[in-house]
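Engineer: Let me begin by handing over the structure; questions about it come next.
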Amino acid sequence: ITAFLYNAETWTLNKTEKKMIDQAEIKAWKRMIGLPPTTPTAGIIFTVGCLFASIRVEEKQLIYLHKILTKPEGHWTKTTLYALKKHKIGWAKQIMELLGESKLEENWDVIKEKSPMDWKKEVKRAIERRNVERLKHESENVRRGEATAKTKTKFVLEKIKALVA
């Protein structure tokens, strides 16, 4: 699984690709643990205590952003990143969206001034929040704007709500 995500910090993924990554990892977990294919995803993620694969990719990308921003002026990766940001395309566009979705600082100059450890801690907290939100979403049926617990993952949803409270 770790080899599967090698160099993921540089990926530009769409929703379909993120879903495929999550499905591939869940399939691997089910095989490793010997679970039937019908085992709910939320149950596996909650029980194993890991992050969704797509969320781990996002975590790597946010940490990598700080690494690029702290490179010296004129470094090709930093120059490329700022060019992508200027045109609102590619990896830079994806990172800006991810910063907003994760409720993290969006000003790159402010991010650059943070110590690597402080930025990593902020990212970890935001990623954990996103993972819990995703687990909650995976454990619910949403119909007509109302969320009800799915039968197989009701236990997970109850535990998540207890953690958040």
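Please note that chains go A, B, ... in the order of the structure tokens, that every chain numbers its residues from 1, and that ligands are numbered from 1 in the order shown.
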Using only C-alpha atoms, what does the table of range 99-140 of chain A residues within 10 Å of range 70-80 of chain A look like, with each row giving the shortest atom pair and its distance in Å to one decimal, sorted by chain and ascending number, as CSV?
Structural biologist:
residue,atom,partner,partner_atom,distance
A:Asp109,CA,A:Thr70,CA,9.6
A:Ile111,CA,A:Thr70,CA,9.2
A:Lys112,CA,A:Thr70,CA,5.8
A:Glu113,CA,A:Thr70,CA,8.2
A:Lys114,CA,A:Thr70,CA,9.6
A:Ser115,CA,A:Thr70,CA,9.7
A:Pro116,CA,A:Thr70,CA,9.2
Engineer: Please produce, as a tab-separated table, a per-residue contact table for range 74-141 of chain A versus range 37-54 of chain A (criterion: any atom at most 7 Å away, only C-alpha atoms considered), showing the nearest atom pair and its distance in Å to one decimal, sorted by chain then residue number.
Structural biologist:
residue	atom	partner	partner_atom	distance
A:Asn131	CA	A:Leu51	CA	6.1
A:Leu135	CA	A:Ala42	CA	5.6
A:Glu138	CA	A:Ala42	CA	5.8
A:Ser139	CA	A:Ala42	CA	6.2
Engineer: Could you save the residues just selected, with N, CA and C atoms, as a short mmCIF file (atom, residue, chain, number, x, y, z; two decimals), in the first residue's frame?
Structural biologist:
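And here is the file that came out, part.cif:
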data_model
loop_
_atom_site.label_atom_id
_atom_site.label_comp_id
_atom_site.auth_asym_id
_atom_site.auth_seq_id
_atom_site.Cartn_x
_atom_site.Cartn_y
_atom_site.Cartn_z
N ASN A 131 -10.96 13.24 7.29
CA ASN A 131 -11.16 11.79 7.32
C ASN A 131 -12.41 11.43 8.13
N LEU A 135 -15.66 9.55 6.81
CA LEU A 135 -16.18 8.35 7.47
C LEU A 135 -17.66 8.53 7.79
N GLU A 138 -19.62 8.27 4.62
CA GLU A 138 -19.66 6.88 4.14
C GLU A 138 -20.62 6.03 4.98
N SER A 139 -20.89 6.47 6.20
CA SER A 139 -21.74 5.70 7.12
C SER A 139 -23.20 6.12 7.07
#
Engineer: With only C-alpha atoms as the basis for distance, which of A:Ile1, A:Arg130, A:Lys136, A:Leu84 is at the shortest distance from Met32 in chain A?
Structural biologist: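 Smallest distance to Met32 in chain A is found for A:Ile1.
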Engineer: From chain A, collect each residue whose DSSP state is helix (DSSP H, G or I) and return the set as a PyMOL selection string.
Structural biologist: chain A and resi 8-10+15-33+41-48+53-69+76-87+90-101+108-113+116-138+154-164
Engineer: Out of chain A, which residues get strand (DSSP E or B) from DSSP, as a ChimeraX atom specification?
Structural biologist: /A:140-143,146-149
Engineer: Could you save those same residues with C-alpha atoms as a PDB file, in the first residue's frame?
Structural biologist:
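The result, stored in part00.pdb:
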ATOM      1  CA  GLU A 140     -24.876   7.632   6.201  1.00  0.00           C
ATOM      2  CA  ASN A 141     -27.643   7.389   3.640  1.00  0.00           C
ATOM      3  CA  VAL A 142     -28.617  10.865   2.524  1.00  0.00           C
ATOM      4  CA  ARG A 143     -32.125  11.123   1.123  1.00  0.00           C
ATOM      5  CA  GLU A 146     -31.891  13.919   5.705  1.00  0.00           C
ATOM      6  CA  ALA A 147     -29.040  11.682   6.864  1.00  0.00           C
ATOM      7  CA  THR A 148     -29.803   8.288   8.360  1.00  0.00           C
ATOM      8  CA  ALA A 149     -27.323   5.660   9.491  1.00  0.00           C
TER       9      ALA A 149
END
Engineer: Can you list, as an MDAnalysis selection string, every protein, DNA or RNA residue that comes within 10 Å of Leu13 in chain A when you count only C-alpha atoms, leaving out same-chain residues fewer than 6 positions away?
Structural biologist: chainID A and resid 19 21 54 57:58 90:91 94
Engineer: Give me a file of those residues, with all heavy atoms, as a tab-separated table (two decimals), in the first residue's frame.
Structural biologist:
chain	number	residue	atom	x	y	z
A	19	LYS	N	-11.45	8.28	-6.24
A	19	LYS	CA	-12.34	7.17	-5.89
A	19	LYS	C	-11.69	5.83	-6.23
A	19	LYS	O	-11.76	4.88	-5.45
A	19	LYS	CB	-13.66	7.33	-6.65
A	19	LYS	CG	-14.73	6.35	-6.26
A	19	LYS	CD	-16.03	6.63	-6.99
A	19	LYS	CE	-17.07	5.61	-6.61
A	19	LYS	NZ	-18.36	5.85	-7.29
A	21	ILE	N	-8.46	5.16	-6.36
A	21	ILE	CA	-7.37	4.93	-5.40
A	21	ILE	C	-7.93	4.36	-4.10
A	21	ILE	O	-7.41	3.40	-3.55
A	21	ILE	CB	-6.60	6.25	-5.13
A	21	ILE	CG1	-5.77	6.63	-6.34
A	21	ILE	CG2	-5.72	6.13	-3.89
A	21	ILE	CD1	-5.20	8.03	-6.26
A	54	SER	N	-7.01	8.52	-0.66
A	54	SER	CA	-7.05	9.83	-1.33
A	54	SER	C	-6.76	10.96	-0.34
A	54	SER	O	-6.14	11.96	-0.71
A	54	SER	CB	-8.40	10.04	-2.02
A	54	SER	OG	-9.45	9.99	-1.08
A	57	VAL	N	-3.06	11.08	0.21
A	57	VAL	CA	-2.42	11.77	-0.92
A	57	VAL	C	-2.51	13.28	-0.69
A	57	VAL	O	-1.52	14.01	-0.86
A	57	VAL	CB	-3.07	11.38	-2.26
A	57	VAL	CG1	-2.60	12.28	-3.39
A	57	VAL	CG2	-2.79	9.92	-2.59
A	58	GLU	N	-3.67	13.75	-0.28
A	58	GLU	CA	-3.85	15.18	-0.02
A	58	GLU	C	-2.92	15.67	1.09
A	58	GLU	O	-2.34	16.75	0.99
A	58	GLU	CB	-5.31	15.47	0.35
A	58	GLU	CG	-6.26	15.25	-0.81
A	58	GLU	CD	-7.73	15.31	-0.42
A	58	GLU	OE1	-8.04	15.39	0.80
A	58	GLU	OE2	-8.57	15.27	-1.33
A	90	GLY	N	-3.57	23.10	-13.15
A	90	GLY	CA	-2.76	21.99	-12.68
A	90	GLY	C	-2.69	21.83	-11.18
A	90	GLY	O	-3.67	22.02	-10.46
A	91	TRP	N	-1.50	21.46	-10.73
A	91	TRP	CA	-1.26	21.13	-9.32
A	91	TRP	C	-1.56	22.32	-8.41
A	91	TRP	O	-2.14	22.16	-7.34
A	91	TRP	CB	0.19	20.67	-9.16
A	91	TRP	CG	0.47	19.94	-7.89
A	91	TRP	CD1	0.23	18.63	-7.62
A	91	TRP	CD2	1.06	20.48	-6.70
A	91	TRP	NE1	0.63	18.32	-6.34
A	91	TRP	CE2	1.15	19.44	-5.76
A	91	TRP	CE3	1.52	21.74	-6.34
A	91	TRP	CZ2	1.68	19.61	-4.49
A	91	TRP	CZ3	2.06	21.92	-5.07
A	91	TRP	CH2	2.13	20.85	-4.16
A	94	GLN	N	-5.27	22.66	-7.89
A	94	GLN	CA	-5.70	21.59	-7.00
A	94	GLN	C	-5.35	21.90	-5.54
A	94	GLN	O	-6.15	21.70	-4.64
A	94	GLN	CB	-5.07	20.27	-7.43
A	94	GLN	CG	-5.47	19.08	-6.59
A	94	GLN	CD	-4.88	17.80	-7.14
A	94	GLN	OE1	-5.19	17.38	-8.23
A	94	GLN	NE2	-4.01	17.17	-6.35
Engineer: Counting only C-alpha atoms, which residue out of A:Asp22, A:Thr153, A:Lys67, A:Lys161 sits closest to Leu5 in chain A?
Structural biologist: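 Nearest candidate to Leu5 in chain A out of A:Asp22, A:Thr153, A:Lys67, A:Lys161: A:Asp22.
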Engineer: Just checking: using only C-alpha atoms, which residue out of A:Glu122, A:Trp108, A:Arg129, A:Trp29 ends up closest to Tyr82 in chain A?
Structural biologist: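 Among the listed residues, A:Trp108 lies closest to Tyr82 in chain A.
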Engineer: Which is closer to Thr10 in chain A than all the others in A:Lys93, A:Lys159, A:Lys85, A:Lys60, using only C-alpha atoms?
Structural biologist: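 Using only C-alpha atoms, the shortest distance to Thr10 in chain A belongs to A:Lys60.
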Engineer: By how many Å are CA of Thr2 in chain A and CA of Arg56 in chain A apart?
Structural biologist: 10.3 Å
